[in-house]
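J.: I am sharing work.cif, which consists of mmCIF, C-alpha atoms and all ligand atoms:
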data_input
loop_
_atom_site.label_atom_id
_atom_site.label_comp_id
_atom_site.auth_asym_id
_atom_site.auth_seq_id
_atom_site.Cartn_x
_atom_site.Cartn_y
_atom_site.Cartn_z
CA MET A 18 -13.88 38.11 -23.93
CA LYS A 19 -10.85 36.04 -22.96
CA PRO A 20 -9.35 33.79 -25.61
CA ILE A 21 -9.59 30.10 -24.82
CA VAL A 22 -6.69 29.27 -27.15
CA GLU A 23 -3.87 31.67 -27.89
CA LEU A 24 -0.82 31.07 -30.08
CA LYS A 25 2.06 33.51 -30.14
CA GLN A 26 4.58 33.02 -32.92
CA LEU A 27 4.39 29.28 -32.43
CA THR A 28 7.10 27.53 -34.44
CA LYS A 29 7.92 23.86 -34.78
CA THR A 30 10.62 22.46 -37.05
CA TYR A 31 11.42 18.77 -37.36
CA GLY A 32 15.19 18.84 -37.85
CA LYS A 33 15.57 20.39 -41.25
CA SER A 34 11.96 19.74 -42.18
CA ARG A 35 9.59 22.67 -41.95
CA GLY A 36 6.63 22.16 -39.68
CA ILE A 37 5.03 25.51 -38.79
CA THR A 38 6.52 29.00 -38.61
CA ASP A 39 5.42 31.95 -36.47
CA ILE A 40 1.78 30.98 -36.09
CA SER A 41 -0.23 33.53 -34.08
CA PHE A 42 -3.99 33.58 -33.59
CA SER A 43 -6.52 33.22 -30.83
CA ILE A 44 -9.86 31.49 -30.42
CA GLU A 45 -12.58 33.00 -28.26
CA GLU A 46 -14.71 31.03 -25.86
CA GLY A 47 -17.74 29.49 -27.57
CA GLU A 48 -16.39 29.90 -31.09
CA VAL A 49 -16.36 27.26 -33.77
CA PHE A 50 -13.02 27.91 -35.37
CA GLY A 51 -11.89 26.23 -38.57
CA PHE A 52 -8.31 25.51 -39.51
CA ILE A 53 -7.96 25.01 -43.20
CA GLY A 54 -5.11 24.35 -45.57
CA PRO A 55 -3.89 21.92 -48.21
CA ASN A 56 -2.08 18.65 -47.36
CA GLY A 57 1.18 19.20 -45.51
CA ALA A 58 0.30 22.82 -44.66
CA GLY A 59 0.93 22.29 -40.94
CA LYS A 60 -2.54 21.75 -39.45
CA SER A 61 -1.68 18.57 -37.55
CA THR A 62 1.68 19.97 -36.43
CA THR A 63 -0.08 23.00 -34.92
CA ILE A 64 -2.61 20.80 -33.12
CA ARG A 65 0.02 18.31 -31.93
CA THR A 66 2.15 21.16 -30.60
CA LEU A 67 -0.82 22.68 -28.80
CA LEU A 68 -1.48 19.34 -27.11
CA ASN A 69 2.19 18.91 -26.15
CA PHE A 70 2.71 15.77 -28.26
CA VAL A 71 5.60 17.63 -29.85
CA PHE A 72 7.61 20.39 -28.26
CA PRO A 73 7.60 23.88 -29.83
CA THR A 74 10.90 25.06 -31.32
CA SER A 75 10.04 28.64 -30.38
CA GLY A 76 7.09 30.84 -29.54
CA SER A 77 4.40 29.95 -27.03
CA ALA A 78 0.74 29.10 -26.68
CA SER A 79 -1.90 28.77 -24.00
CA ILE A 80 -5.15 26.91 -23.63
CA LEU A 81 -7.65 28.15 -21.01
CA GLY A 82 -4.91 30.50 -19.84
CA LEU A 83 -2.59 27.55 -19.11
CA ASN A 84 0.82 27.11 -20.72
CA ILE A 85 0.80 24.29 -23.30
CA THR A 86 4.12 22.81 -22.18
CA LYS A 87 4.15 23.46 -18.44
CA ASP A 88 0.48 22.76 -17.78
CA ALA A 89 -0.16 20.07 -20.37
CA LYS A 90 -1.55 17.61 -17.82
CA GLU A 91 -4.12 20.08 -16.49
CA ILE A 92 -5.05 21.15 -20.04
CA ARG A 93 -5.83 17.52 -21.02
CA LYS A 94 -8.60 17.38 -18.42
CA HIS A 95 -10.55 20.10 -20.20
CA VAL A 96 -9.86 19.21 -23.81
CA GLY A 97 -11.35 16.54 -26.04
CA TYR A 98 -9.08 15.56 -28.91
CA LEU A 99 -9.81 13.57 -32.04
CA PRO A 100 -6.62 12.77 -33.99
CA SER A 101 -6.76 12.51 -37.77
CA GLU A 102 -5.80 8.84 -37.52
CA VAL A 103 -6.93 6.79 -34.56
CA PHE A 104 -4.88 3.87 -33.23
CA TYR A 105 -6.03 1.53 -30.48
CA TYR A 106 -5.20 -1.74 -28.80
CA ASP A 107 -7.05 -3.98 -31.18
CA ASP A 108 -8.10 -6.77 -28.87
CA MET A 109 -9.99 -4.46 -26.52
CA LYS A 110 -13.76 -4.12 -26.60
CA VAL A 111 -15.03 -0.64 -27.53
CA ILE A 112 -16.90 -0.25 -24.23
CA ASP A 113 -13.80 -1.19 -22.19
CA LEU A 114 -11.73 1.38 -24.02
CA LEU A 115 -14.36 4.08 -23.50
CA ASN A 116 -14.75 3.24 -19.79
CA TYR A 117 -10.98 3.34 -19.46
CA SER A 118 -10.95 6.81 -21.08
CA ALA A 119 -13.73 8.01 -18.78
CA ALA A 120 -11.75 6.83 -15.75
CA PHE A 121 -8.79 8.86 -16.98
CA TYR A 122 -10.97 11.95 -16.57
CA GLY A 123 -12.02 10.74 -13.14
CA GLY A 124 -15.58 9.80 -14.03
CA LYS A 125 -17.76 6.97 -15.31
CA ASN A 126 -19.84 8.86 -17.85
CA THR A 127 -21.83 5.68 -18.57
CA ALA A 128 -24.97 7.48 -19.70
CA ARG A 129 -23.04 9.94 -21.87
CA ILE A 130 -21.10 7.10 -23.56
CA ALA A 131 -24.32 5.19 -24.24
CA LYS A 132 -26.01 8.28 -25.65
CA LEU A 133 -23.13 9.20 -27.94
CA ALA A 134 -22.74 5.61 -29.14
CA GLU A 135 -26.45 5.43 -29.90
CA ARG A 136 -26.39 8.69 -31.87
CA LEU A 137 -23.41 7.50 -33.88
CA ASP A 138 -24.80 3.99 -34.32
CA LEU A 139 -21.71 2.47 -32.72
CA ASP A 140 -21.87 -1.05 -31.27
CA THR A 141 -19.75 -0.79 -28.14
CA SER A 142 -19.77 -4.55 -27.48
CA ARG A 143 -17.54 -5.22 -30.49
CA LYS A 144 -13.81 -5.67 -30.44
CA ILE A 145 -11.83 -2.81 -31.94
CA GLU A 146 -10.02 -5.17 -34.33
CA ASP A 147 -13.39 -5.98 -35.96
CA LEU A 148 -14.25 -2.34 -36.68
CA SER A 149 -14.03 -0.57 -40.02
CA PHE A 150 -12.04 2.66 -40.37
CA GLY A 151 -15.23 4.74 -40.07
CA ASN A 152 -16.36 2.90 -36.94
CA ARG A 153 -12.95 3.41 -35.36
CA LYS A 154 -13.38 7.10 -36.09
CA LYS A 155 -16.69 6.99 -34.22
CA VAL A 156 -14.88 5.50 -31.22
CA GLY A 157 -12.50 8.46 -31.41
CA ILE A 158 -15.41 10.90 -31.51
CA VAL A 159 -17.06 9.37 -28.44
CA GLN A 160 -13.70 9.34 -26.69
CA ALA A 161 -13.17 13.04 -27.45
CA MET A 162 -16.63 14.05 -26.25
CA LEU A 163 -17.43 11.74 -23.35
CA HIS A 164 -16.13 14.00 -20.57
CA GLU A 165 -17.96 17.06 -21.96
CA PRO A 166 -14.76 19.08 -22.43
CA LYS A 167 -14.69 22.86 -22.58
CA LEU A 168 -12.68 22.68 -25.78
CA LEU A 169 -12.89 20.15 -28.59
CA ILE A 170 -9.90 19.87 -30.91
CA LEU A 171 -10.72 17.79 -33.94
CA ASP A 172 -8.16 16.98 -36.62
CA GLU A 173 -9.89 16.21 -39.93
CA PRO A 174 -12.90 14.78 -38.06
CA THR A 175 -15.04 13.61 -40.94
CA GLY A 176 -12.48 11.47 -42.79
CA GLY A 177 -13.89 7.94 -43.08
CA LEU A 178 -17.48 8.86 -42.10
CA ASP A 179 -20.19 8.33 -44.68
CA PRO A 180 -22.36 11.38 -45.59
CA LEU A 181 -25.21 10.38 -43.28
CA MET A 182 -22.81 9.95 -40.37
CA GLN A 183 -21.11 13.25 -41.20
CA HIS A 184 -24.51 14.89 -40.89
CA THR A 185 -25.10 13.27 -37.47
CA PHE A 186 -21.63 14.29 -36.39
CA PHE A 187 -22.25 17.94 -37.30
CA GLU A 188 -25.58 17.82 -35.48
CA LEU A 189 -23.69 16.62 -32.40
CA LEU A 190 -21.20 19.46 -32.79
CA LYS A 191 -24.03 21.99 -33.03
CA GLU A 192 -25.47 20.67 -29.77
CA GLU A 193 -22.05 20.99 -28.13
CA ARG A 194 -21.75 24.54 -29.42
CA GLU A 195 -25.13 25.41 -27.96
CA LYS A 196 -23.85 24.20 -24.60
CA GLY A 197 -20.96 26.66 -24.91
CA THR A 198 -18.21 24.26 -25.95
CA THR A 199 -15.47 25.86 -28.01
CA ILE A 200 -14.63 23.85 -31.12
CA PHE A 201 -11.41 23.98 -33.10
CA PHE A 202 -11.33 21.74 -36.13
CA SER A 203 -9.05 21.27 -39.06
CA SER A 204 -10.33 20.39 -42.47
CA HIS A 205 -9.57 20.64 -46.12
CA ILE A 206 -13.27 20.39 -46.98
CA LEU A 207 -14.51 23.91 -47.57
CA GLY A 208 -18.22 23.13 -47.34
CA GLU A 209 -17.75 21.84 -43.79
CA VAL A 210 -16.02 25.02 -42.77
CA GLN A 211 -18.61 27.24 -44.38
CA LYS A 212 -21.43 25.34 -42.70
CA MET A 213 -19.99 25.12 -39.20
CA CYS A 214 -17.46 27.82 -38.45
CA ASP A 215 -17.63 31.37 -37.16
CA ARG A 216 -14.04 32.12 -38.10
CA VAL A 217 -11.32 30.39 -39.99
CA ALA A 218 -7.52 30.42 -40.13
CA ILE A 219 -5.94 29.61 -43.46
CA ILE A 220 -2.52 27.96 -43.37
CA LYS A 221 -0.17 27.24 -46.24
CA ASP A 222 3.43 25.96 -46.30
CA GLY A 223 3.61 26.20 -42.51
CA SER A 224 2.63 29.89 -42.36
CA LEU A 225 -0.64 31.57 -41.51
CA ILE A 226 -2.13 33.38 -44.49
CA LYS A 227 -5.26 34.83 -42.97
CA VAL A 228 -7.65 34.71 -40.02
CA GLU A 229 -11.10 35.90 -40.97
CA SER A 230 -14.77 35.33 -40.27
CA VAL A 231 -16.40 33.06 -42.82
CA GLU A 232 -18.92 35.81 -43.47
CA GLN A 233 -16.18 38.35 -44.18
CA LEU A 234 -14.22 35.94 -46.36
CA LEU A 235 -17.23 35.58 -48.60
CA LYS A 236 -17.80 39.32 -48.61
CA ASN A 237 -14.23 40.15 -49.49
CA ASN A 238 -15.45 41.91 -52.52
CA LEU A 239 -14.27 39.24 -54.89
CA LYS A 240 -16.64 38.84 -57.80
CA ASN A 241 -16.94 36.40 -60.63
CA ILE A 242 -17.71 38.30 -63.80
CA THR A 243 -18.72 36.65 -67.05
CA LEU A 244 -18.85 38.72 -70.21
CA THR A 245 -20.47 37.45 -73.36
CA VAL A 246 -18.41 38.80 -76.25
CA ILE A 247 -18.98 38.83 -79.99
CA ARG A 248 -15.42 38.20 -81.19
CA PRO A 249 -13.46 36.51 -78.38
CA ASP A 250 -10.12 36.58 -80.29
CA GLU A 251 -10.37 40.33 -80.84
CA PHE A 252 -11.64 41.14 -77.37
CA ARG A 253 -9.23 43.24 -75.30
CA LEU A 254 -9.80 44.19 -71.67
CA PRO A 255 -8.39 47.40 -70.22
CA GLN A 256 -5.48 47.01 -67.75
CA LEU A 257 -7.16 47.02 -64.35
CA SER A 258 -5.31 46.22 -61.13
CA GLY A 259 -8.40 44.45 -59.70
CA ILE A 260 -8.36 41.68 -62.32
CA ILE A 261 -7.02 38.62 -60.50
CA LYS A 262 -7.73 35.96 -63.08
CA GLN A 263 -8.96 35.97 -66.64
CA GLU A 264 -9.88 33.11 -68.97
CA THR A 265 -11.78 32.75 -72.20
CA ALA A 266 -14.16 29.86 -72.89
CA GLY A 267 -15.95 30.08 -76.26
CA SER A 268 -17.80 33.38 -76.38
CA HIS A 269 -17.40 33.94 -72.62
CA VAL A 270 -14.64 35.90 -70.91
CA LYS A 271 -14.51 35.03 -67.20
CA LEU A 272 -12.87 37.28 -64.65
CA LEU A 273 -12.15 36.97 -60.96
CA TYR A 274 -12.24 40.61 -59.92
CA GLY A 275 -11.24 42.12 -56.57
CA GLY A 276 -10.97 45.83 -57.27
CA ASP A 277 -13.05 48.98 -57.48
CA MET A 278 -16.38 48.31 -59.20
CA LYS A 279 -16.66 51.81 -60.66
CA GLN A 280 -13.28 51.44 -62.35
CA LEU A 281 -14.40 48.14 -63.83
CA VAL A 282 -17.62 49.60 -65.19
CA GLN A 283 -15.76 52.57 -66.68
CA GLY A 284 -13.16 50.25 -68.22
CA LEU A 285 -15.80 47.94 -69.67
CA ALA A 286 -17.68 50.85 -71.25
CA GLU A 287 -15.06 50.81 -74.01
CA CYS A 288 -15.37 47.06 -74.64
CA ALA A 289 -17.59 45.18 -77.06
CA PHE A 290 -19.74 42.74 -75.11
CA THR A 291 -23.39 41.80 -75.27
CA ASP A 292 -24.05 40.58 -71.74
CA ILE A 293 -22.56 40.66 -68.27
CA LEU A 294 -23.11 38.38 -65.28
CA ILE A 295 -21.77 39.33 -61.85
CA GLU A 296 -21.76 36.59 -59.22
CA GLU A 297 -20.40 35.91 -55.72
CA PRO A 298 -17.54 33.43 -55.88
CA SER A 299 -17.82 30.18 -53.93
CA LEU A 300 -15.84 29.81 -50.73
CA GLU A 301 -13.63 27.40 -52.68
CA GLU A 302 -12.70 30.11 -55.17
CA VAL A 303 -11.99 32.54 -52.33
CA PHE A 304 -9.67 30.01 -50.69
CA MET A 305 -7.94 29.16 -53.95
CA HIS A 306 -7.29 32.85 -54.35
CA TYR A 307 -5.49 32.91 -50.98
CA TYR A 308 -3.64 29.64 -51.60
CA GLU A 309 -2.34 30.86 -54.94
CA LYS A 310 -1.48 34.38 -53.78
CA LYS A 311 1.64 33.57 -51.71
N1 LIG B 1 7.17 13.77 -37.61
C1 LIG B 1 7.58 14.55 -38.61
N2 LIG B 1 8.89 14.56 -39.01
C2 LIG B 1 9.30 15.35 -40.01
N3 LIG B 1 8.52 16.22 -40.69
C3 LIG B 1 7.21 16.25 -40.35
C4 LIG B 1 6.67 15.42 -39.29
N4 LIG B 1 5.35 15.69 -39.18
C5 LIG B 1 5.06 16.64 -40.11
N5 LIG B 1 6.18 16.97 -40.81
C6 LIG B 1 6.26 17.98 -41.88
O1 LIG B 1 5.67 19.18 -41.41
C7 LIG B 1 4.89 19.80 -42.43
C8 LIG B 1 3.45 19.97 -41.96
O2 LIG B 1 2.82 18.69 -41.85
P1 LIG B 1 1.41 18.44 -41.15
O3 LIG B 1 1.20 16.97 -41.04
O4 LIG B 1 1.34 19.25 -39.91
O5 LIG B 1 0.42 19.07 -42.22
P2 LIG B 1 -1.18 18.97 -42.35
O6 LIG B 1 -1.64 20.33 -42.73
O7 LIG B 1 -1.75 18.36 -41.12
O8 LIG B 1 -1.35 18.02 -43.58
P3 LIG B 1 -2.41 16.81 -43.87
O9 LIG B 1 -3.70 17.45 -44.25
O10 LIG B 1 -1.75 16.12 -45.03
O11 LIG B 1 -2.46 15.96 -42.63
C9 LIG B 1 5.02 18.91 -43.67
O12 LIG B 1 6.04 19.46 -44.47
C10 LIG B 1 5.44 17.58 -43.09
O13 LIG B 1 6.23 16.86 -44.01
#
Take the structure I supplied and represent it as structure tokens, if you would.
T.:
Amino acid sequence: MKPIVELKQLTKTYGKSRGITDISFSIEEGEVFGFIGPNGAGKSTTIRTLLNFVFPTSGSASILGLNITKDAKEIRKHVGYLPSEVFYYDDMKVIDLLNYSAAFYGGKNTARIAKLAERLDLDTSRKIEDLSFGNRKKVGIVQAMLHEPKLLILDEPTGGLDPLMQHTFFELLKEEREKGTTIFFSSHILGEVQKMCDRVAIIKDGSLIKVESVEQLLKNNLKNITLTVIRPDEFRLPQLSGIIKQETAGSHVKLLYGGDMKQLVQGLAECAFTDILIEEPSLEEVFMHYYEKK
């Protein structure tokens, strides 16, 4: 299958300030692809570079086989973009802004606008200046989706939406996915990524740490192990390379373990403990492991 988005060593520096360095990954058609990283990691910079709002310092990227700098105008026609912060001309009515956006894509899309607004409970007759932050976000969502783009790029899409609206929003995304739309969204909320995405790229300090399927990330053989011990202060674990983290809380010794299970069992055979609990770590713990590793 041909990638719909492809980044090759994409780098963007802002003067002396680091933006992103050597980012390479690709997104296949029809995928829901998550882009996750802590604040300042470089998610928005990557997205803004892809959409030609800022110019890459080096490297290249393509969307739908088109070059992000040379063919930016053509790319815009097929992409729906929701920025992390939405700014509008305040004295415009919502419906006028949305009609104006539809005209930009060469259509009217009246029925689609009305349907999306209804789903999101957005009153399009109101002036933008009268809208709350969350309602402005809804305007951005309708704007991104109204021309039924092949690719949706959403930068922190749920910020400002209440939980009920987040649910509706994800339902909308699922419907888009079923239609074959490719979705690329950045987030720092792990639950969202786990729920929605096929694959995920993890970014930290401007560099890509990992690209992995959500399923594989959770299967990465990391285990949470809790040992109940009789004398915590006297308890000594054997030196095992798979022990990533160890902490003692009361009579419990907790390990994050990522090594060979047989070695662990053999090592523990010498230890004094009364109970053992082996659990899958949460996606959050898996991510923290990657964030902390570099
Ligand atoms: N216009 C700019 N001028 C200078 N430096 C910038 C600019 N925009 C971003 N940066 C820097 O680039 C790095 C990446 O920032 P970016 O906003 O892309 O991160 P992010 O992952 O989107 O973070 P957040 O979740 O906080 O939005 C940061 O070090 C940031 O300070």
J.: Got a sec to check which residues lie within 7 Å of ligand LIG 1 (chain B), using all atoms listed in the file, and send them as a VMD selection string?
T.: chain A and resid 31 34 to 37 54 to 63 205 223
J.: Since we have the selection now, will you write its residues out, keeping C-alpha atoms, as a PDB file, in the frame of the given file?
T.:
ATOM      1  CA  TYR A  31      11.420  18.770 -37.360  1.00  0.00           C
ATOM      2  CA  SER A  34      11.960  19.740 -42.180  1.00  0.00           C
ATOM      3  CA  ARG A  35       9.590  22.670 -41.950  1.00  0.00           C
ATOM      4  CA  GLY A  36       6.630  22.160 -39.680  1.00  0.00           C
ATOM      5  CA  ILE A  37       5.030  25.510 -38.790  1.00  0.00           C
ATOM      6  CA  GLY A  54      -5.110  24.350 -45.570  1.00  0.00           C
ATOM      7  CA  PRO A  55      -3.890  21.920 -48.210  1.00  0.00           C
ATOM      8  CA  ASN A  56      -2.080  18.650 -47.360  1.00  0.00           C
ATOM      9  CA  GLY A  57       1.180  19.200 -45.510  1.00  0.00           C
ATOM     10  CA  ALA A  58       0.300  22.820 -44.660  1.00  0.00           C
ATOM     11  CA  GLY A  59       0.930  22.290 -40.940  1.00  0.00           C
ATOM     12  CA  LYS A  60      -2.540  21.750 -39.450  1.00  0.00           C
ATOM     13  CA  SER A  61      -1.680  18.570 -37.550  1.00  0.00           C
ATOM     14  CA  THR A  62       1.680  19.970 -36.430  1.00  0.00           C
ATOM     15  CA  THR A  63      -0.080  23.000 -34.920  1.00  0.00           C
ATOM     16  CA  HIS A 205      -9.570  20.640 -46.120  1.00  0.00           C
ATOM     17  CA  GLY A 223       3.610  26.200 -42.510  1.00  0.00           C
TER      18      GLY A 223
END
J.: Of the candidates A:Val96, A:Met182, A:Ile112, A:Ala131, which one gets nearest to A:Pro166 if we count only C-alpha atoms?
T.: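 Counting only C-alpha atoms, the residue closest to A:Pro166 is A:Val96.
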J.: Of the candidates A:Leu272, A:Ile145, A:Ala161, A:Ile53, which one gets nearest to A:Tyr106 if we count only C-alpha atoms?
T.: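 Of A:Leu272, A:Ile145, A:Ala161, A:Ile53, the one nearest A:Tyr106, counting only C-alpha atoms, is A:Ile145.
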J.: Just give me the residues with any atom within 12 Å of (-21.3, 46.4, -65.5), file coordinates, counting all atoms listed in the file, written as a list in words.
T.: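 Looking at atoms near the point gives Lys240, Asn241, Ile242, Thr243, Leu244, Thr245, Asp277, Met278, Lys279, Gln280, Leu281, Val282, Gln283, Gly284, Leu285, Ala286, Glu287, Cys288, Phe290, Thr291, Asp292, Ile293, Leu294, Ile295 and Glu296 of chain A.
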J.: With a distance cut-off of 7 Å and only C-alpha atoms, select the neighbouring residues of stretch 40-46 of chain A, excluding the residue or stretch itself and same-chain residues fewer than 3 positions from it, and output the selection as a compact mmCIF listing (two decimals) with C-alpha atoms, keeping the file's coordinate frame.
T.:
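The resulting result.txt:
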# COMPACT_ATOMS: atom_id res chain seq x y z
CA MET A 18 -13.88 38.11 -23.93
CA LYS A 19 -10.85 36.04 -22.96
CA PRO A 20 -9.35 33.79 -25.61
CA ILE A 21 -9.59 30.10 -24.82
CA VAL A 22 -6.69 29.27 -27.15
CA GLU A 23 -3.87 31.67 -27.89
CA LEU A 24 -0.82 31.07 -30.08
CA LYS A 25 2.06 33.51 -30.14
CA GLN A 26 4.58 33.02 -32.92
CA LEU A 27 4.39 29.28 -32.43
CA THR A 28 7.10 27.53 -34.44
CA ILE A 37 5.03 25.51 -38.79
CA PHE A 50 -13.02 27.91 -35.37
CA THR A 199 -15.47 25.86 -28.01
CA SER A 224 2.63 29.89 -42.36
CA LEU A 225 -0.64 31.57 -41.51
J.: Have a look at A:Gly32, A:Glu173, A:Phe186, A:Phe150 and name the one nearest to A:Ala134; count all atoms listed in the file.
T.: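 Nearest candidate to A:Ala134 out of A:Gly32, A:Glu173, A:Phe186, A:Phe150: A:Phe186.
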J.: Which is closest to A:Gly177 among A:Pro100, A:Gly157, A:Gly151, A:Gly76, if we use only C-alpha atoms?
T.: A:Gly151
J.: Rounded to one decimal in Å, what is the spacing between atom CA of A:Lys29 and atom CA of A:Phe202?
T.: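 Interatomic distance, atom CA of A:Lys29 to atom CA of A:Phe202: 19.4 Å.
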J.: For the point (-20.5, 23.4, -31.4) in the file's frame, write as JSON, numbers by chain all residues with an atom no more than 10 Å away, counting all atoms listed in the file.
T.: {"A": [47, 48, 49, 50, 168, 169, 187, 188, 189, 190, 191, 192, 193, 194, 195, 196, 197, 198, 199, 200, 201, 213, 214]}
J.: Looking at A:Ser101, A:Thr38, A:Gln160, A:Gln263, which one is nearest to A:Ile130, with distances taken over all atoms listed in the file?
T.: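 Under the stated criterion, the closest residue is A:Gln160.
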J.: Kindly indicate which residue among A:Phe304, A:Gly124, A:Glu229, A:Thr86 lies nearest to A:Ile206, using only C-alpha atoms for the distances.
T.: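 Nearest candidate to A:Ile206 out of A:Phe304, A:Gly124, A:Glu229, A:Thr86: A:Phe304.
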J.: Could you please determine the separation between atom CA of A:Val303 and atom CA of A:Leu181 in Å, to one decimal place?
T.: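 Interatomic distance, atom CA of A:Val303 to atom CA of A:Leu181: 27.3 Å.
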J.: What gap, in Å, lies between atom CA of A:Ala119 and atom CA of A:Leu99?
T.: 14.9 Å
